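Peer 1: Encoded as structure tokens, here's the structure I'll be asking about.
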Amino acid sequence: MIYSVLLAFAGLASQASAACSRDALKAATETYLKAQAAGDLSISSLAANNVSYVENDAPMDMTKGVLSQAVTIDFNRSLHDTTGCATFTEISAATNAHPYVIATRMLFTDDKITAIQSVVADDGDWAFNATGQLYWNKQEKWDVIPEDKRDSREVIQAAGDAYLDSWGDGKVPVPYGTPCARLEGGSYTDTRNSGANTCTMPEFPQPFKIENRRYVIDEEVGGLDIFNDFPFIDKSKPNGTSSTNFFRVEGGKIRYIHETTICTTRNCGL
């Protein structure tokens, strides 16, 4: 009995030590956005000594990455994962001299950033159109969900996983909402605001499996981002190219999906 109680307390202590303050995560996100806008690397003041920096799955020196460039940020949207101690930020930079769509996840330990991982899309990447991405992104509503109507982390993650699993197995049931809209690069599936489910994806040629999934979940807005390796689409990287799928889940149903995928050859050679 005593052993069971000790185990229970140990588990609670582990959860408590892993959890992060929402205010701290929001402050770090604001610092990141200001640093990206200025290109001044001020985010490093919040970083651990051994912080890792990765763009499109390639480790690099932070001073040589997009974070070192001043980028005009037209619109941004973020998730704050207090359980996983992580943030996710989607940046639309359509009016920047060099247009970008940037998706960044930051991981934290003891209030210090231990990893910055970005999917940095620009001209030539899959369906890239920063102007379209900005326009449709701004039409969407990602308001805070009332506490009594929020889905659990498990429900939110399961919805996103089902969507990605269905690409390899069309029999997997996906909890699409009605309406549901998908923003793929700069292309939107519900340009007429039809109120219908326009998110359904076909099964890809087999074998097909989305690997290396990395999650950021924010129950307050029903938000989920999954960094992943997308196989098949880029023939130069058959085992998977850098990709991210960003979801809004309401009442257990998928409302919005944003996809950003990197190509090693223009438009992945398609």
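Residue numbering restarts at 1 in every chain; chains get A, B, ... in the order shown in the structure tokens, and ligands count up from 1 in that same order.
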Please build the interface table for range 19-57 of chain A against range 227-250 of chain A with a cut-off of 9 Å, listing for each qualifying residue the nearest atom pair and the distance in Å to one decimal; count only C-alpha atoms, order rows by chain and increasing number, and write it as JSON lines.
Peer 2:
{"residue": "A:Glu55", "atom": "CA", "partner": "A:Ser242", "partner_atom": "CA", "distance": 9.0}
{"residue": "A:Asn56", "atom": "CA", "partner": "A:Ser242", "partner_atom": "CA", "distance": 5.4}
{"residue": "A:Asp57", "atom": "CA", "partner": "A:Ser242", "partner_atom": "CA", "distance": 6.3}
Peer 1: Keeping only C-alpha atoms, write the selected residues as a compact mmCIF listing (two decimals), in the first residue's frame.
Peer 2:
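The resulting file, again.txt, is reproduced below:
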# COMPACT_ATOMS: atom_id res chain seq x y z
CA GLU A 55 15.33 24.00 -40.15
CA ASN A 56 13.58 21.57 -42.48
CA ASP A 57 15.08 18.66 -40.53
Peer 1: Would you please give, as a list of chain:residue names, all residues of range 120-229 of chain A that DSSP assigns to strand (DSSP E or B) based on the backbone?
Peer 2: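 In range 120-229 of chain A, DSSP puts these residues in strand (DSSP E or B): A:Val120, A:Ala121, A:Tyr176, A:Gly177, A:Thr178, A:Pro179, A:Cys180, A:Ala181, A:Arg182, A:Leu183, A:Glu184, A:Ser187, A:Tyr188, A:Asn197, A:Glu211, A:Asn212, A:Arg213, A:Arg214, A:Tyr215, A:Val216, A:Ile217, A:Asp218, A:Gly223, A:Leu224, A:Asp225, A:Ile226, A:Phe227, A:Asn228, A:Asp229.
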Peer 1: For each of A:Ile91, A:Leu33, A:Val54, A:Ala127, take the minimum atom-to-atom distance to Ser187 in chain A, counting only C-alpha atoms, then give the residue where this is smallest.
Peer 2: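 Distance minimum relative to Ser187 in chain A lands on A:Ala127.
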Peer 1: Would you compute the distance between CA of Met106 in chain A and CA of Ala86 in chain A? Give it in Å to one decimal.
Peer 2: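 Interatomic distance, CA of Met106 in chain A to CA of Ala86 in chain A: 5.4 Å.
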Peer 1: With only C-alpha atoms as the counted atoms, please give the residues lying no more than 9 Å from Gly170 in chain A, apart from itself and same-chain residues fewer than 5 positions off, as an NGL selection string.
Peer 2: :A and (165 or 201-204)
Peer 1: Let's see if you can do this: from backbone DSSP, list all helix (DSSP H, G or I) residues in range 78-190 of chain A, as a list in words.
Peer 2: Ala130, Thr131, Gly132, Gln133, Leu134, Tyr135, Trp136, Asn137, Lys138, Gln139, Glu147, Asp148, Lys149, Arg153, Glu154, Val155, Ile156, Gln157, Ala158, Ala159, Gly160, Asp161, Ala162, Tyr163, Leu164, Asp165 and Ser166 of chain A
Peer 1: Take the residues that were just selected and, keeping N, CA, C and O atoms, output them as a short mmCIF file (atom, residue, chain, number, x, y, z; two decimals), in the first residue's frame.
Peer 2:
data_model
loop_
_atom_site.label_atom_id
_atom_site.label_comp_id
_atom_site.auth_asym_id
_atom_site.auth_seq_id
_atom_site.Cartn_x
_atom_site.Cartn_y
_atom_site.Cartn_z
N ALA A 130 2.26 32.43 -50.54
CA ALA A 130 2.17 33.11 -49.26
C ALA A 130 0.99 34.07 -49.21
O ALA A 130 0.35 34.24 -48.16
N THR A 131 0.67 34.69 -50.34
CA THR A 131 -0.47 35.63 -50.38
C THR A 131 -1.77 34.89 -50.11
O THR A 131 -2.62 35.33 -49.34
N GLY A 132 -1.96 33.75 -50.78
CA GLY A 132 -3.16 32.95 -50.56
C GLY A 132 -3.21 32.40 -49.14
O GLY A 132 -4.27 32.39 -48.50
N GLN A 133 -2.06 31.95 -48.64
CA GLN A 133 -2.03 31.42 -47.28
C GLN A 133 -2.43 32.48 -46.27
O GLN A 133 -3.21 32.21 -45.35
N LEU A 134 -1.93 33.69 -46.45
CA LEU A 134 -2.27 34.79 -45.56
C LEU A 134 -3.76 35.13 -45.64
O LEU A 134 -4.43 35.27 -44.61
N TYR A 135 -4.27 35.23 -46.84
CA TYR A 135 -5.67 35.63 -47.02
C TYR A 135 -6.62 34.64 -46.34
O TYR A 135 -7.49 35.04 -45.56
N TRP A 136 -6.46 33.37 -46.65
CA TRP A 136 -7.40 32.37 -46.12
C TRP A 136 -7.19 32.15 -44.63
O TRP A 136 -8.17 31.94 -43.88
N ASN A 137 -5.96 32.23 -44.19
CA ASN A 137 -5.67 32.08 -42.76
C ASN A 137 -6.43 33.13 -41.94
O ASN A 137 -7.01 32.83 -40.89
N LYS A 138 -6.44 34.34 -42.43
CA LYS A 138 -7.08 35.44 -41.70
C LYS A 138 -8.61 35.33 -41.68
O LYS A 138 -9.27 35.97 -40.85
N GLN A 139 -9.18 34.51 -42.55
CA GLN A 139 -10.64 34.34 -42.57
C GLN A 139 -11.13 33.41 -41.47
O GLN A 139 -12.31 33.41 -41.12
N GLU A 147 -14.29 26.50 -21.37
CA GLU A 147 -13.66 25.39 -20.67
C GLU A 147 -14.53 24.14 -20.65
O GLU A 147 -14.03 23.01 -20.79
N ASP A 148 -15.84 24.31 -20.49
CA ASP A 148 -16.72 23.13 -20.40
C ASP A 148 -16.96 22.46 -21.75
O ASP A 148 -17.60 21.41 -21.82
N LYS A 149 -16.46 23.08 -22.83
CA LYS A 149 -16.64 22.50 -24.17
C LYS A 149 -15.33 22.04 -24.80
O LYS A 149 -15.31 21.61 -25.95
N ARG A 153 -6.71 16.37 -24.43
CA ARG A 153 -5.51 16.21 -25.26
C ARG A 153 -5.61 14.95 -26.10
O ARG A 153 -5.23 14.94 -27.28
N GLU A 154 -6.11 13.88 -25.48
CA GLU A 154 -6.18 12.59 -26.17
C GLU A 154 -7.12 12.67 -27.37
O GLU A 154 -6.81 12.12 -28.45
N VAL A 155 -8.26 13.33 -27.21
CA VAL A 155 -9.23 13.46 -28.30
C VAL A 155 -8.64 14.31 -29.43
O VAL A 155 -8.77 13.98 -30.62
N ILE A 156 -7.99 15.40 -29.07
CA ILE A 156 -7.41 16.30 -30.07
C ILE A 156 -6.32 15.59 -30.86
O ILE A 156 -6.29 15.62 -32.10
N GLN A 157 -5.41 14.90 -30.17
CA GLN A 157 -4.33 14.19 -30.86
C GLN A 157 -4.88 13.06 -31.72
O GLN A 157 -4.40 12.84 -32.85
N ALA A 158 -5.88 12.35 -31.20
CA ALA A 158 -6.45 11.23 -31.97
C ALA A 158 -7.06 11.70 -33.28
O ALA A 158 -6.97 11.00 -34.31
N ALA A 159 -7.65 12.89 -33.28
CA ALA A 159 -8.24 13.42 -34.51
C ALA A 159 -7.17 13.65 -35.56
O ALA A 159 -7.32 13.27 -36.73
N GLY A 160 -6.06 14.29 -35.15
CA GLY A 160 -4.98 14.54 -36.10
C GLY A 160 -4.31 13.27 -36.57
O GLY A 160 -3.99 13.11 -37.76
N ASP A 161 -4.10 12.33 -35.65
CA ASP A 161 -3.49 11.05 -36.04
C ASP A 161 -4.37 10.29 -37.02
O ASP A 161 -3.87 9.68 -37.97
N ALA A 162 -5.69 10.30 -36.79
CA ALA A 162 -6.60 9.60 -37.70
C ALA A 162 -6.50 10.19 -39.11
O ALA A 162 -6.51 9.45 -40.10
N TYR A 163 -6.40 11.51 -39.19
CA TYR A 163 -6.28 12.16 -40.49
C TYR A 163 -5.03 11.68 -41.22
O TYR A 163 -5.10 11.28 -42.40
N LEU A 164 -3.89 11.68 -40.53
CA LEU A 164 -2.65 11.25 -41.18
C LEU A 164 -2.66 9.75 -41.46
O LEU A 164 -2.16 9.30 -42.49
N ASP A 165 -3.24 8.97 -40.55
CA ASP A 165 -3.32 7.52 -40.77
C ASP A 165 -4.16 7.18 -41.99
O ASP A 165 -3.89 6.20 -42.69
N SER A 166 -5.18 7.98 -42.25
CA SER A 166 -6.09 7.69 -43.36
C SER A 166 -5.40 7.82 -44.72
O SER A 166 -5.87 7.26 -45.71
#
